[in-house]
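Next comes target_6.cif, with mmCIF, C-alpha atoms.
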data_target
loop_
_atom_site.label_atom_id
_atom_site.label_comp_id
_atom_site.auth_asym_id
_atom_site.auth_seq_id
_atom_site.Cartn_x
_atom_site.Cartn_y
_atom_site.Cartn_z
CA MET G 19 0.00 0.00 0.00
CA LYS G 20 1.28 3.43 -0.85
CA LEU G 21 0.25 6.44 1.20
CA PRO G 22 0.17 9.90 -0.28
CA PHE G 23 2.87 12.31 0.86
CA GLU G 24 0.17 14.17 2.80
CA ALA G 25 -2.19 12.02 4.83
CA TYR G 26 -4.40 12.44 7.87
CA MET G 27 -4.15 11.16 11.42
CA LEU G 28 -7.31 10.29 13.26
CA ARG G 29 -7.04 10.27 17.04
CA ILE G 30 -9.80 8.66 19.05
CA PHE G 31 -9.72 9.28 22.81
CA ILE G 32 -11.74 6.69 24.73
CA GLY G 33 -11.66 4.78 28.01
CA GLU G 34 -10.23 1.32 28.51
CA SER G 35 -13.54 0.03 29.85
CA ASP G 36 -15.61 1.30 26.88
CA LYS G 37 -17.40 -1.52 25.08
CA ALA G 38 -19.15 -2.13 21.77
CA GLY G 39 -21.27 -5.24 21.51
CA GLY G 40 -19.64 -6.62 24.65
CA LYS G 41 -16.12 -6.29 23.21
CA PRO G 42 -13.48 -3.67 24.03
CA LEU G 43 -14.22 -0.58 21.92
CA TYR G 44 -10.57 -0.06 20.98
CA GLU G 45 -10.42 -3.61 19.60
CA VAL G 46 -13.60 -3.15 17.56
CA ILE G 47 -12.21 0.09 16.07
CA VAL G 48 -8.85 -1.44 15.12
CA LYS G 49 -10.42 -4.55 13.62
CA GLU G 50 -12.83 -2.46 11.55
CA ALA G 51 -9.96 -0.26 10.32
CA ARG G 52 -8.06 -3.38 9.25
CA LYS G 53 -11.14 -4.84 7.57
CA ARG G 54 -11.45 -1.63 5.54
CA GLY G 55 -7.83 -1.87 4.40
CA MET G 56 -6.65 1.23 6.20
CA ALA G 57 -2.91 1.86 6.38
CA GLY G 58 -2.52 1.14 10.09
CA ALA G 59 -3.79 1.68 13.61
CA THR G 60 -2.14 1.84 17.01
CA VAL G 61 -3.68 1.84 20.49
CA LEU G 62 -1.82 3.84 23.15
CA ARG G 63 -2.61 3.40 26.83
CA GLY G 64 -2.33 6.41 29.09
CA PHE G 65 -1.40 6.27 32.74
CA LEU G 66 -3.13 9.52 33.71
CA GLY G 67 -5.83 11.64 32.13
CA PHE G 68 -9.29 13.14 32.26
CA GLY G 69 -12.00 13.92 29.76
CA ALA G 70 -15.29 15.77 29.53
CA SER G 71 -16.43 14.43 32.91
CA SER G 72 -13.24 15.81 34.56
CA ARG G 73 -12.86 12.51 36.44
CA ILE G 74 -9.17 11.60 36.85
CA HIS G 75 -8.15 8.20 35.50
CA THR G 76 -4.81 6.99 36.83
CA SER G 77 -2.67 3.88 37.09
CA LYS G 78 -1.17 4.77 40.47
CA VAL G 79 -0.89 1.73 42.74
CA LEU G 80 -2.94 3.26 45.56
CA ARG G 81 -5.64 4.40 43.16
CA LEU G 82 -6.02 1.67 40.60
CA SER G 83 -8.31 2.54 37.73
CA GLU G 84 -9.94 0.02 35.45
CA ASP G 85 -10.77 2.76 33.00
CA LEU G 86 -7.41 4.17 31.90
CA PRO G 87 -7.38 6.57 28.96
CA LEU G 88 -6.70 5.10 25.52
CA VAL G 89 -5.87 6.78 22.24
CA VAL G 90 -6.42 4.96 18.96
CA GLU G 91 -4.37 6.51 16.16
CA ILE G 92 -5.11 5.77 12.52
CA VAL G 93 -3.17 7.26 9.59
CA ASP G 94 -4.45 7.10 6.03
CA ALA G 95 -5.59 9.17 3.07
CA GLU G 96 -8.23 11.79 3.76
CA ASP G 97 -10.98 9.99 1.82
CA LYS G 98 -10.50 6.75 3.77
CA ILE G 99 -10.50 8.61 7.09
CA GLU G 100 -13.67 10.50 6.11
CA ALA G 101 -15.36 7.23 5.06
CA PHE G 102 -14.53 5.76 8.49
CA MET G 103 -16.19 8.62 10.40
CA PRO G 104 -19.83 7.38 10.15
CA PHE G 105 -18.75 4.03 11.65
CA LEU G 106 -17.08 5.85 14.57
CA ASP G 107 -20.07 8.14 15.04
CA GLY G 108 -22.32 5.11 15.40
CA ILE G 109 -20.10 3.20 17.82
CA ILE G 110 -18.57 5.83 20.13
CA GLY G 111 -20.91 7.08 22.82
CA GLU G 112 -18.38 8.98 24.90
CA GLY G 113 -14.95 10.27 23.90
CA LEU G 114 -13.14 12.70 21.65
CA ILE G 115 -12.16 12.38 17.99
CA THR G 116 -9.63 14.65 16.31
CA MET G 117 -8.12 14.72 12.84
CA GLU G 118 -5.04 16.47 11.59
CA LYS G 119 -3.00 16.62 8.44
CA VAL G 120 0.33 14.79 8.69
CA ARG G 121 3.33 14.50 6.42
CA VAL G 122 4.24 10.89 5.71
CA ILE G 123 8.01 10.43 5.74
CA ALA G 124 8.12 6.66 5.29
CA TYR G 125 5.63 3.82 5.17
CA ARG G 126 7.42 0.56 4.54
CA HIS G 127 6.51 -3.08 4.58
CA ASN G 128 9.12 -5.77 5.21
CA PRO G 129 7.66 -8.97 3.75
CA ARG G 130 8.39 -12.10 5.74
CA GLU G 131 10.44 -14.73 4.07
CA PRO G 132 8.72 -18.12 3.64
CA GLU G 133 9.52 -20.54 6.43
#
Could you spell out this file's structure in structure tokens?
Amino acid sequence: MKLPFEAYMLRIFIGESDKAGGKPLYEVIVKEARKRGMAGATVLRGFLGFGASSRIHTSKVLRLSEDLPLVVEIVDAEDKIEAFMPFLDGIIGEGLITMEKVRVIAYRHNPREPE
């Protein structure tokens, strides 16, 4: 897959305990992105954060949270990101979605050699 020199990054801020159809929301998002042939997705787990509710989510030992902040990042061409938005709108009940233009420096695939 070849990405254009200019692409877009979608950032989806959700909670670790968020679900969709009984499955972790972050997993549903990544699997759908893969199914649609998007360039790639990464889930990042935060150790401290807050959102619209202003409730602090932390991984401190004395204050264990089962709802740590997560960020799902997806980079692809603008049209593929835009086509993904209705899916996200239908599945995300609480969170934040941002999109920004990014400059792709390299996007390489190292094919595995047959075993």
> Using the chain letters and numbers from the file, which residues does the PyMOL selection byres ((chain G and resi 90) around 12) grab, as number ranges by chain?
Replying inline: G: 27-34, 43-49, 51, 58-64, 87-89, 91-93, 106, 113-117
>> Residue by residue, what does the PyMOL selection byres ((chain G and resi 94) around 12) grab here? Present the result as a PyMOL selection string.
In response: chain G and resi 19-29+51-52+54-59+91-93+95-102+117-122+125
With C-alpha atoms retained, export the selected residues as a JSON list (two decimals), keeping the file's coordinate frame.
[["chain", "number", "residue", "atom", "x", "y", "z"],
["G", 19, "MET", "CA", 0.00, 0.00, 0.00],
["G", 20, "LYS", "CA", 1.28, 3.43, -0.85],
["G", 21, "LEU", "CA", 0.25, 6.44, 1.20],
["G", 22, "PRO", "CA", 0.17, 9.90, -0.28],
["G", 23, "PHE", "CA", 2.87, 12.31, 0.86],
["G", 24, "GLU", "CA", 0.17, 14.17, 2.80],
["G", 25, "ALA", "CA", -2.19, 12.02, 4.83],
["G", 26, "TYR", "CA", -4.40, 12.44, 7.87],
["G", 27, "MET", "CA", -4.15, 11.16, 11.42],
["G", 28, "LEU", "CA", -7.31, 10.29, 13.26],
["G", 29, "ARG", "CA", -7.04, 10.27, 17.04],
["G", 51, "ALA", "CA", -9.96, -0.26, 10.32],
["G", 52, "ARG", "CA", -8.06, -3.38, 9.25],
["G", 54, "ARG", "CA", -11.45, -1.63, 5.54],
["G", 55, "GLY", "CA", -7.83, -1.87, 4.40],
["G", 56, "MET", "CA", -6.65, 1.23, 6.20],
["G", 57, "ALA", "CA", -2.91, 1.86, 6.38],
["G", 58, "GLY", "CA", -2.52, 1.14, 10.09],
["G", 59, "ALA", "CA", -3.79, 1.68, 13.61],
["G", 91, "GLU", "CA", -4.37, 6.51, 16.16],
["G", 92, "ILE", "CA", -5.11, 5.77, 12.52],
["G", 93, "VAL", "CA", -3.17, 7.26, 9.59],
["G", 95, "ALA", "CA", -5.59, 9.17, 3.07],
["G", 96, "GLU", "CA", -8.23, 11.79, 3.76],
["G", 97, "ASP", "CA", -10.98, 9.99, 1.82],
["G", 98, "LYS", "CA", -10.50, 6.75, 3.77],
["G", 99, "ILE", "CA", -10.50, 8.61, 7.09],
["G", 100, "GLU", "CA", -13.67, 10.50, 6.11],
["G", 101, "ALA", "CA", -15.36, 7.23, 5.06],
["G", 102, "PHE", "CA", -14.53, 5.76, 8.49],
["G", 117, "MET", "CA", -8.12, 14.72, 12.84],
["G", 118, "GLU", "CA", -5.04, 16.47, 11.59],
["G", 119, "LYS", "CA", -3.00, 16.62, 8.44],
["G", 120, "VAL", "CA", 0.33, 14.79, 8.69],
["G", 121, "ARG", "CA", 3.33, 14.50, 6.42],
["G", 122, "VAL", "CA", 4.24, 10.89, 5.71],
["G", 125, "TYR", "CA", 5.63, 3.82, 5.17]]
> What is the atom CA of G:Leu86 to atom CA of G:Pro42 distance in Å?
Replying inline: 12.7 Å
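The space separating atom CA of G:Met103 from atom CA of G:Gly67 comes to 24.3 Å.
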> So how many Å separate atom CA of G:Phe65 and atom CA of G:Gly108, to one decimal?
Replying inline: 27.2 Å
